[in-house]
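Next comes model_23.txt, with compact mmCIF, C-alpha atoms and all ligand atoms.
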```
# COMPACT_ATOMS: atom_id res chain seq x y z
CA MET S 1 -19.00 -198.60 -162.86
CA ASN S 2 -20.18 -202.18 -162.62
CA TYR S 3 -19.85 -204.04 -165.91
CA SER S 4 -21.48 -207.26 -164.66
CA THR S 5 -23.44 -209.40 -167.08
CA ASP S 6 -25.71 -211.13 -164.60
CA ASN S 7 -28.63 -208.81 -165.28
CA LEU S 8 -29.84 -210.28 -168.56
CA THR S 9 -33.46 -210.24 -167.45
CA GLN S 10 -33.27 -206.46 -167.15
CA VAL S 11 -32.37 -205.93 -170.79
CA ASN S 12 -34.99 -203.65 -172.28
CA LEU S 13 -35.79 -205.07 -175.72
CA THR S 14 -38.52 -203.75 -177.97
CA LEU S 15 -39.18 -205.94 -180.99
CA TYR S 16 -41.06 -204.97 -184.13
CA LYS S 17 -41.95 -207.08 -187.10
CA ASN S 18 -40.32 -204.75 -189.60
CA ALA S 19 -38.02 -201.76 -189.99
CA GLU S 20 -40.89 -199.41 -190.70
CA GLU S 21 -42.63 -200.09 -187.37
CA ALA S 22 -39.37 -200.04 -185.40
CA SER S 23 -38.45 -196.69 -186.97
CA ILE S 24 -41.84 -195.14 -186.27
CA TYR S 25 -41.69 -196.27 -182.64
CA THR S 26 -38.21 -194.73 -182.36
CA ALA S 27 -39.40 -191.45 -183.88
CA ASN S 28 -42.38 -191.39 -181.52
CA THR S 29 -40.09 -191.86 -178.53
CA ILE S 30 -37.88 -188.96 -179.65
CA ALA S 31 -40.88 -186.75 -180.44
CA ALA S 32 -42.43 -187.44 -177.04
CA LEU S 33 -39.23 -186.30 -175.33
CA ILE S 34 -39.07 -183.11 -177.42
CA SER S 35 -42.72 -182.30 -176.65
CA ARG S 36 -42.40 -183.05 -172.94
CA LYS S 37 -39.34 -180.82 -172.63
CA GLN S 38 -41.14 -178.12 -174.58
CA LYS S 39 -44.05 -178.17 -172.13
CA GLU S 40 -41.56 -177.87 -169.29
CA GLY S 41 -39.92 -174.89 -171.03
CA LYS S 42 -36.66 -176.82 -171.38
CA HIS S 43 -34.22 -177.80 -174.09
CA ALA S 44 -34.26 -181.37 -175.43
CA VAL S 45 -30.62 -182.35 -175.83
CA LEU S 46 -30.42 -185.04 -178.50
CA GLY S 47 -27.45 -187.16 -179.51
CA LEU S 48 -27.98 -188.11 -183.14
CA ALA S 49 -26.61 -190.79 -185.45
CA THR S 50 -26.14 -191.03 -189.20
CA GLY S 51 -26.05 -194.05 -191.53
CA ASN S 52 -28.85 -196.09 -193.05
CA THR S 53 -30.49 -197.06 -189.78
CA PRO S 54 -31.94 -193.71 -188.65
CA LYS S 55 -33.05 -192.48 -192.10
CA ARG S 56 -36.66 -193.63 -191.73
CA VAL S 57 -36.73 -192.29 -188.15
CA TYR S 58 -35.78 -188.85 -189.44
CA GLN S 59 -38.40 -189.07 -192.22
CA GLU S 60 -41.05 -189.73 -189.61
CA LEU S 61 -39.85 -186.82 -187.44
CA ILE S 62 -40.07 -184.57 -190.52
CA ARG S 63 -43.60 -185.85 -191.17
CA MET S 64 -44.57 -185.06 -187.59
CA HIS S 65 -43.10 -181.59 -188.00
CA ASN S 66 -45.11 -181.00 -191.19
CA ASP S 67 -48.38 -182.71 -190.27
CA GLU S 68 -48.57 -182.52 -186.50
CA GLY S 69 -46.71 -179.32 -185.66
CA LEU S 70 -43.80 -181.02 -183.87
CA SER S 71 -41.35 -178.18 -183.32
CA PHE S 72 -37.59 -178.50 -182.98
CA GLN S 73 -37.15 -174.97 -181.61
CA ASN S 74 -36.08 -176.34 -178.24
CA VAL S 75 -33.80 -179.07 -179.65
CA ILE S 76 -30.05 -178.94 -179.11
CA SER S 77 -28.37 -181.63 -181.20
CA PHE S 78 -24.98 -183.27 -180.93
CA ASN S 79 -23.98 -185.74 -183.61
CA LEU S 80 -21.98 -188.79 -182.68
CA ASP S 81 -19.30 -188.53 -185.29
CA GLU S 82 -17.87 -187.16 -188.51
CA TYR S 83 -15.17 -188.36 -190.88
CA PHE S 84 -11.75 -186.71 -190.72
CA PRO S 85 -10.62 -185.14 -192.88
CA ILE S 86 -13.67 -184.24 -194.94
CA ASN S 87 -15.25 -181.06 -196.26
CA ALA S 88 -18.53 -180.36 -194.53
CA GLY S 89 -20.14 -179.78 -197.95
CA ASP S 90 -19.07 -183.15 -199.41
CA SER S 91 -22.01 -185.45 -200.02
CA GLN S 92 -20.35 -188.19 -197.90
CA SER S 93 -19.93 -185.96 -194.87
CA TYR S 94 -22.19 -186.51 -191.90
CA THR S 95 -22.74 -182.75 -191.79
CA TYR S 96 -24.29 -183.02 -195.28
CA PHE S 97 -26.20 -186.17 -194.30
CA MET S 98 -27.86 -184.46 -191.34
CA GLU S 99 -28.77 -181.40 -193.38
CA GLN S 100 -30.33 -183.55 -196.13
CA ASN S 101 -32.03 -186.10 -193.92
CA LEU S 102 -33.33 -183.91 -191.09
CA PHE S 103 -32.15 -180.40 -190.36
CA ALA S 104 -33.16 -178.70 -193.64
CA HIS S 105 -36.72 -179.95 -193.18
CA VAL S 106 -37.46 -178.92 -189.59
CA ASP S 107 -37.30 -175.70 -187.56
CA ILE S 108 -34.17 -176.47 -185.53
CA LYS S 109 -32.03 -173.36 -184.98
CA SER S 110 -28.73 -173.71 -186.83
CA SER S 111 -26.89 -172.41 -183.76
CA ASN S 112 -28.24 -175.41 -181.82
CA ILE S 113 -26.72 -177.97 -184.21
CA HIS S 114 -23.38 -179.53 -183.24
CA ILE S 115 -21.45 -181.95 -185.43
CA PRO S 116 -17.86 -182.88 -184.59
CA HIS S 117 -16.44 -181.52 -187.81
CA VAL S 118 -12.87 -180.34 -187.78
CA ASP S 119 -11.26 -178.47 -190.61
CA GLY S 120 -8.50 -180.58 -192.21
CA SER S 121 -5.98 -177.85 -191.45
CA SER S 122 -6.84 -177.74 -187.76
CA THR S 123 -3.82 -178.16 -185.51
CA ASP S 124 -5.54 -178.64 -182.19
CA ILE S 125 -8.03 -181.45 -182.61
CA SER S 126 -7.90 -182.59 -179.01
CA LYS S 127 -8.79 -179.07 -177.83
CA TYR S 128 -11.74 -179.10 -180.24
CA CYS S 129 -12.81 -182.52 -178.90
CA ASN S 130 -12.61 -181.36 -175.28
CA GLU S 131 -14.70 -178.33 -176.15
CA TYR S 132 -17.29 -180.65 -177.75
CA GLU S 133 -17.50 -182.54 -174.45
CA GLU S 134 -17.76 -179.27 -172.51
CA LYS S 135 -20.54 -178.07 -174.76
CA ILE S 136 -22.57 -181.24 -174.12
CA ALA S 137 -21.99 -180.82 -170.39
CA SER S 138 -23.00 -177.14 -170.54
CA TYR S 139 -26.49 -178.21 -171.59
CA GLY S 140 -26.70 -180.67 -168.70
CA GLY S 141 -25.71 -183.71 -170.80
CA LEU S 142 -27.60 -185.66 -173.43
CA ASP S 143 -31.26 -186.35 -172.66
CA LEU S 144 -31.36 -189.03 -175.34
CA GLN S 145 -28.76 -190.69 -177.54
CA LEU S 146 -29.85 -192.47 -180.71
CA LEU S 147 -27.44 -195.21 -181.79
CA GLY S 148 -26.98 -197.62 -184.64
CA ILE S 149 -24.51 -200.46 -184.40
CA GLY S 150 -21.66 -201.37 -186.74
CA ARG S 151 -21.19 -204.98 -187.88
CA ASN S 152 -18.07 -205.02 -185.70
CA GLY S 153 -20.02 -203.82 -182.66
CA HIS S 154 -18.97 -200.19 -182.85
CA ILE S 155 -21.18 -197.44 -181.45
CA GLY S 156 -20.43 -194.03 -182.84
CA PHE S 157 -17.00 -194.68 -184.33
CA ASN S 158 -15.80 -196.36 -181.15
CA GLU S 159 -14.20 -199.31 -182.83
CA PRO S 160 -13.27 -202.62 -181.13
CA ARG S 161 -10.62 -202.06 -178.41
CA SER S 162 -11.90 -198.54 -177.64
CA SER S 163 -11.79 -197.85 -173.94
CA PHE S 164 -15.13 -197.74 -172.11
CA ASP S 165 -13.80 -194.54 -170.53
CA SER S 166 -13.16 -192.84 -173.87
CA ILE S 167 -14.42 -189.35 -174.63
CA THR S 168 -14.66 -187.35 -177.88
CA ARG S 169 -11.44 -187.81 -179.84
CA LEU S 170 -9.80 -188.56 -183.17
CA VAL S 171 -10.11 -192.29 -183.95
CA ASN S 172 -8.80 -194.67 -186.59
CA LEU S 173 -11.52 -196.42 -188.55
CA HIS S 174 -11.64 -200.23 -188.48
CA PRO S 175 -11.31 -202.13 -191.80
CA VAL S 176 -14.92 -203.38 -191.53
CA THR S 177 -16.16 -199.81 -191.04
CA ARG S 178 -14.19 -198.57 -194.05
CA GLU S 179 -15.43 -201.50 -196.14
CA ASP S 180 -19.03 -200.69 -195.19
CA ALA S 181 -18.47 -197.03 -196.19
CA LYS S 182 -17.01 -197.98 -199.57
CA SER S 183 -20.28 -197.68 -201.46
CA ASP S 184 -20.67 -194.08 -200.25
CA PHE S 185 -17.16 -193.09 -201.31
CA GLY S 186 -16.90 -195.09 -204.55
CA THR S 187 -13.63 -196.85 -203.69
CA LEU S 188 -12.04 -198.07 -200.48
CA GLU S 189 -9.13 -195.72 -201.08
CA ASN S 190 -11.45 -192.72 -200.90
CA VAL S 191 -12.83 -193.69 -197.48
CA PRO S 192 -11.11 -191.59 -194.80
CA GLN S 193 -8.86 -193.47 -192.40
CA GLN S 194 -10.02 -191.44 -189.42
CA ALA S 195 -12.99 -189.76 -187.79
CA ILE S 196 -13.88 -187.65 -184.80
CA SER S 197 -16.21 -189.59 -182.51
CA MET S 198 -17.90 -189.08 -179.19
CA GLY S 199 -16.38 -191.58 -176.78
CA ILE S 200 -18.05 -194.55 -175.17
CA ASN S 201 -18.13 -192.72 -171.86
CA THR S 202 -19.75 -189.71 -173.57
CA ILE S 203 -22.51 -192.01 -174.86
CA LEU S 204 -22.97 -193.81 -171.54
CA GLN S 205 -23.66 -190.51 -169.78
CA ALA S 206 -26.87 -190.01 -171.81
CA LYS S 207 -30.01 -190.21 -169.68
CA LYS S 208 -31.72 -192.45 -172.24
CA ILE S 209 -30.10 -194.50 -175.00
CA LEU S 210 -32.00 -195.99 -177.94
CA LEU S 211 -30.05 -198.55 -179.93
CA LEU S 212 -31.85 -199.22 -183.20
CA ALA S 213 -30.81 -202.24 -185.25
CA LEU S 214 -32.52 -203.19 -188.49
CA GLY S 215 -32.04 -206.03 -190.92
CA GLN S 216 -30.49 -209.44 -191.05
CA ARG S 217 -26.91 -208.10 -191.44
CA LYS S 218 -27.09 -206.85 -187.84
CA SER S 219 -28.46 -210.08 -186.33
CA GLU S 220 -25.13 -211.66 -185.42
CA ILE S 221 -23.62 -208.58 -183.80
CA ILE S 222 -26.81 -207.66 -181.98
CA ASN S 223 -26.97 -211.09 -180.35
CA LYS S 224 -23.32 -210.79 -179.32
CA ALA S 225 -23.74 -207.21 -178.06
CA ILE S 226 -26.76 -207.98 -175.90
CA TYR S 227 -26.01 -211.49 -174.67
CA GLY S 228 -22.28 -211.98 -175.19
CA ALA S 229 -19.47 -211.04 -172.82
CA VAL S 230 -19.01 -207.39 -171.90
CA SER S 231 -15.73 -206.67 -173.61
CA ILE S 232 -13.95 -203.86 -175.40
CA ASP S 233 -13.77 -206.27 -178.35
CA THR S 234 -17.49 -205.57 -178.81
CA PRO S 235 -17.92 -201.90 -177.81
CA ALA S 236 -21.74 -202.04 -177.80
CA SER S 237 -21.62 -204.85 -175.20
CA ILE S 238 -21.14 -202.27 -172.45
CA LEU S 239 -24.71 -201.10 -173.01
CA GLN S 240 -26.20 -204.37 -171.68
CA SER S 241 -25.31 -203.37 -168.12
CA LEU S 242 -27.11 -200.03 -168.23
CA PRO S 243 -30.72 -199.45 -167.18
CA GLN S 244 -31.27 -196.45 -169.47
CA VAL S 245 -30.67 -198.50 -172.63
CA GLU S 246 -33.50 -199.68 -174.86
CA TYR S 247 -32.78 -201.92 -177.84
CA ILE S 248 -35.26 -201.47 -180.68
CA LEU S 249 -35.03 -204.28 -183.22
CA ASP S 250 -36.90 -205.46 -186.25
CA SER S 251 -37.50 -209.20 -186.57
CA ASP S 252 -34.58 -209.65 -188.99
CA ALA S 253 -32.10 -208.04 -186.60
CA ALA S 254 -33.55 -210.11 -183.74
CA ALA S 255 -33.41 -213.38 -185.71
CA LEU S 256 -30.50 -214.93 -183.80
CA ILE S 257 -31.48 -213.83 -180.32
CA GLN S 258 -31.71 -216.81 -177.99
CA LYS S 259 -32.03 -216.01 -174.33
C1 LIG D 301 -23.22 -193.20 -187.39
C2 LIG D 301 -22.52 -194.07 -186.44
C3 LIG D 301 -22.31 -195.53 -186.69
C4 LIG D 301 -23.51 -196.21 -187.34
C5 LIG D 301 -23.22 -197.68 -187.63
C6 LIG D 301 -24.34 -198.35 -188.36
O1 LIG D 301 -23.27 -191.87 -186.92
O2 LIG D 301 -22.07 -193.59 -185.44
O3 LIG D 301 -22.01 -196.16 -185.48
O4 LIG D 301 -24.62 -196.10 -186.51
O5 LIG D 301 -22.06 -197.78 -188.39
O6 LIG D 301 -24.45 -197.83 -189.66
P1 LIG D 301 -25.71 -198.17 -190.58
O7 LIG D 301 -26.89 -197.58 -189.90
O8 LIG D 301 -25.42 -197.45 -191.87
O9 LIG D 301 -25.75 -199.65 -190.68
```
Would you put the structure from the file into structure tokens?
Amino acid sequence: MNYSTDNLTQVNLTLYKNAEEASIYTANTIAALISRKQKEGKHAVLGLATGNTPKRVYQELIRMHNDEGLSFQNVISFNLDEYFPINAGDSQSYTYFMEQNLFAHVDIKSSNIHIPHVDGSSTDISKYCNEYEEKIASYGGLDLQLLGIGRNGHIGFNEPRSSFDSITRLVNLHPVTREDAKSDFGTLENVPQQAISMGINTILQAKKILLLALGQRKSEIINKAIYGAVSIDTPASILQSLPQVEYILDSDAAALIQK
């Protein structure tokens, strides 16, 4: 793969004045893919993210399901990541998040939902991770991956220094990531040290990638990820070399962008 950075003019940036408009555009893009695949009689294979960023996107998808008949019957979903260890029923788990914020409100088949949750007692995590990869491949790969970005440039839980060739695996969470999760878990001590995450290579294989960044706290990292050096120190920087990537930003997240 060519990781050159001399293609800045090809970066596909979509800017919106606020988070609401950026989220609705993102939801519309996802809904259009689902509907197109439905007309073709095919599955729509979606890679999904958790966190604050996609919440409004999911609300809009639920609204489209309720008001406009958008069906998720043909959707196969693969979430990016899940804490380890964690009980799937815990309110901080990403399994719980997805149920609350999307799945319980639409007609997706539960057998089509995939979240990389591993039981704490599991002895063969790497086998589980390889099977997660195989499952994605068995559906022909991800048609679309929705991403947020961490303040340290992570995508999924691919923290700085993750290999661009990485696949789904057990990862150690970065201090910044654990600090950002503190409010969800009450104390820093309660935040898991590890997670299962799709790898960077898993993400890069998606046919379309939407990176959504909202708010001023993402402005510094978004500028670095799009226009800085391509480096494993900023995992999201690898995306700038790929034609299937679209960055969707609100004006606060785009505040520091200088071409
Ligand atoms: C979530 C994920 C993370 C988040 C990122 C941003 O599944 O993989 O990479 O997208 O940490 O989180 P928020 O949106 O809460 O700022």
Show me which residues are within 8 Å of ligand LIG 301 (chain D) counting all atoms listed in the file, and format the list as a list of chain:residue names.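 Written in the requested form, the residues are S:Leu48, S:Ala49, S:Thr50, S:Gly51, S:Asn52, S:Thr53, S:Pro54, S:Asn79, S:Leu80, S:Asp81, S:Glu82, S:Tyr94, S:Leu147, S:Gly148, S:Ile149, S:Gly150, S:Arg151, S:His154, S:Ile155, S:Gly156, S:Phe157, S:Asn158, S:Thr177, S:Asp180, S:Ser197, S:Ala213, S:Leu214, S:Lys218.
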Okay, now the selection with C-alpha atoms, as a compact mmCIF listing (two decimals), in the frame of the given file?
```txt
# COMPACT_ATOMS: atom_id res chain seq x y z
CA LEU S 48 -27.98 -188.11 -183.14
CA ALA S 49 -26.61 -190.79 -185.45
CA THR S 50 -26.14 -191.03 -189.20
CA GLY S 51 -26.05 -194.05 -191.53
CA ASN S 52 -28.85 -196.09 -193.05
CA THR S 53 -30.49 -197.06 -189.78
CA PRO S 54 -31.94 -193.71 -188.65
CA ASN S 79 -23.98 -185.74 -183.61
CA LEU S 80 -21.98 -188.79 -182.68
CA ASP S 81 -19.30 -188.53 -185.29
CA GLU S 82 -17.87 -187.16 -188.51
CA TYR S 94 -22.19 -186.51 -191.90
CA LEU S 147 -27.44 -195.21 -181.79
CA GLY S 148 -26.98 -197.62 -184.64
CA ILE S 149 -24.51 -200.46 -184.40
CA GLY S 150 -21.66 -201.37 -186.74
CA ARG S 151 -21.19 -204.98 -187.88
CA HIS S 154 -18.97 -200.19 -182.85
CA ILE S 155 -21.18 -197.44 -181.45
CA GLY S 156 -20.43 -194.03 -182.84
CA PHE S 157 -17.00 -194.68 -184.33
CA ASN S 158 -15.80 -196.36 -181.15
CA THR S 177 -16.16 -199.81 -191.04
CA ASP S 180 -19.03 -200.69 -195.19
CA SER S 197 -16.21 -189.59 -182.51
CA ALA S 213 -30.81 -202.24 -185.25
CA LEU S 214 -32.52 -203.19 -188.49
CA LYS S 218 -27.09 -206.85 -187.84
```
Just the residues within 10 Å of Gln216 (chain S), please, counting all atoms listed in the file, with nothing from its chain fewer than 5 positions along; format it as a VMD selection string. chain S and resid 222 250 to 256
Neighbours of region 59-68 of chain S within 7 Å (all atoms listed in the file; same-chain residues fewer than 5 positions away dropped), as a list of chain:residue names? S:Ile24, S:Ala27, S:Leu102, S:His105, S:Val106
When you look at Ala137 (chain S) with a cut-off of 12 Å (counting only C-alpha atoms), what residues show up, excluding the ones that are within fewer than 6 positions of it in the same chain? I need them as a count of residues only. 8
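Here CA of Leu249 (chain S) is placed at a distance of 16.9 Å from CA of Gly228 (chain S).
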List the spatial neighbours of Glu179 (chain S) as a PyMOL selection string - criterion: any atom at most 12 Å away, only C-alpha atoms, same-chain residues fewer than 2 positions off excluded. chain S and resi 150-152+173-177+181-193
Of S:Ser237, S:Ser111, S:Ser91, S:Asn101, the one nearest to Arg161 (chain S) when counting all atoms listed in the file is S:Ser237
Since fewer atoms than expected are present, regenerate all heavy atoms for region 42-53 of chain S and write them as a compact mmCIF listing (two decimals), in the coordinates of the input.
```txt
# COMPACT_ATOMS: atom_id res chain seq x y z
N LYS S 42 -38.09 -176.42 -171.39
CA LYS S 42 -36.66 -176.82 -171.38
C LYS S 42 -36.16 -177.23 -172.75
O LYS S 42 -36.95 -177.56 -173.64
CB LYS S 42 -36.48 -178.01 -170.43
CG LYS S 42 -36.72 -177.67 -168.97
CD LYS S 42 -36.47 -178.89 -168.11
CE LYS S 42 -36.72 -178.55 -166.64
NZ LYS S 42 -37.00 -179.75 -165.86
N HIS S 43 -34.84 -177.25 -172.89
CA HIS S 43 -34.22 -177.80 -174.09
C HIS S 43 -34.37 -179.32 -174.10
O HIS S 43 -34.39 -179.94 -173.03
CB HIS S 43 -32.72 -177.50 -174.10
CG HIS S 43 -32.40 -176.07 -174.37
ND1 HIS S 43 -31.50 -175.35 -173.62
CD2 HIS S 43 -32.85 -175.23 -175.33
CE1 HIS S 43 -31.42 -174.13 -174.11
NE2 HIS S 43 -32.22 -174.03 -175.14
N ALA S 44 -34.42 -179.91 -175.28
CA ALA S 44 -34.26 -181.37 -175.43
C ALA S 44 -32.90 -181.56 -176.06
O ALA S 44 -32.66 -181.11 -177.19
CB ALA S 44 -35.35 -181.95 -176.32
N VAL S 45 -31.99 -182.20 -175.34
CA VAL S 45 -30.62 -182.35 -175.83
C VAL S 45 -30.50 -183.75 -176.45
O VAL S 45 -30.53 -184.76 -175.73
CB VAL S 45 -29.59 -182.15 -174.69
CG1 VAL S 45 -28.18 -182.13 -175.26
CG2 VAL S 45 -29.88 -180.86 -173.93
N LEU S 46 -30.39 -183.77 -177.77
CA LEU S 46 -30.42 -185.04 -178.50
C LEU S 46 -29.05 -185.39 -179.06
O LEU S 46 -28.41 -184.57 -179.72
CB LEU S 46 -31.40 -184.97 -179.67
CG LEU S 46 -32.85 -184.61 -179.37
CD1 LEU S 46 -33.67 -184.66 -180.68
CD2 LEU S 46 -33.45 -185.56 -178.34
N GLY S 47 -28.63 -186.62 -178.84
CA GLY S 47 -27.45 -187.16 -179.51
C GLY S 47 -27.94 -187.91 -180.74
O GLY S 47 -28.79 -188.80 -180.63
N LEU S 48 -27.45 -187.55 -181.91
CA LEU S 48 -27.98 -188.11 -183.14
C LEU S 48 -26.95 -188.94 -183.89
O LEU S 48 -25.74 -188.71 -183.79
CB LEU S 48 -28.51 -186.99 -184.04
CG LEU S 48 -29.67 -186.19 -183.43
CD1 LEU S 48 -30.08 -185.06 -184.36
CD2 LEU S 48 -30.87 -187.09 -183.12
N ALA S 49 -27.46 -189.89 -184.67
CA ALA S 49 -26.61 -190.79 -185.45
C ALA S 49 -26.88 -190.58 -186.94
O ALA S 49 -27.93 -190.05 -187.33
CB ALA S 49 -26.92 -192.24 -185.08
N THR S 50 -25.95 -191.04 -187.75
CA THR S 50 -26.14 -191.03 -189.20
C THR S 50 -26.18 -192.48 -189.69
O THR S 50 -26.34 -193.40 -188.89
CB THR S 50 -24.99 -190.26 -189.88
OG1 THR S 50 -23.77 -190.88 -189.49
CG2 THR S 50 -24.97 -188.80 -189.48
N GLY S 51 -26.03 -192.69 -190.99
CA GLY S 51 -26.05 -194.05 -191.53
C GLY S 51 -27.43 -194.41 -192.04
O GLY S 51 -28.36 -193.60 -192.01
N ASN S 52 -27.56 -195.65 -192.49
CA ASN S 52 -28.85 -196.09 -193.05
C ASN S 52 -29.92 -196.24 -191.99
O ASN S 52 -31.10 -195.96 -192.23
CB ASN S 52 -28.68 -197.44 -193.76
CG ASN S 52 -27.94 -197.28 -195.06
OD1 ASN S 52 -28.17 -196.31 -195.80
ND2 ASN S 52 -27.01 -198.19 -195.34
N THR S 53 -29.52 -196.69 -190.81
CA THR S 53 -30.49 -197.06 -189.78
C THR S 53 -31.46 -195.94 -189.41
O THR S 53 -32.66 -196.19 -189.35
CB THR S 53 -29.75 -197.60 -188.54
OG1 THR S 53 -28.84 -198.61 -188.97
CG2 THR S 53 -30.72 -198.16 -187.51
```
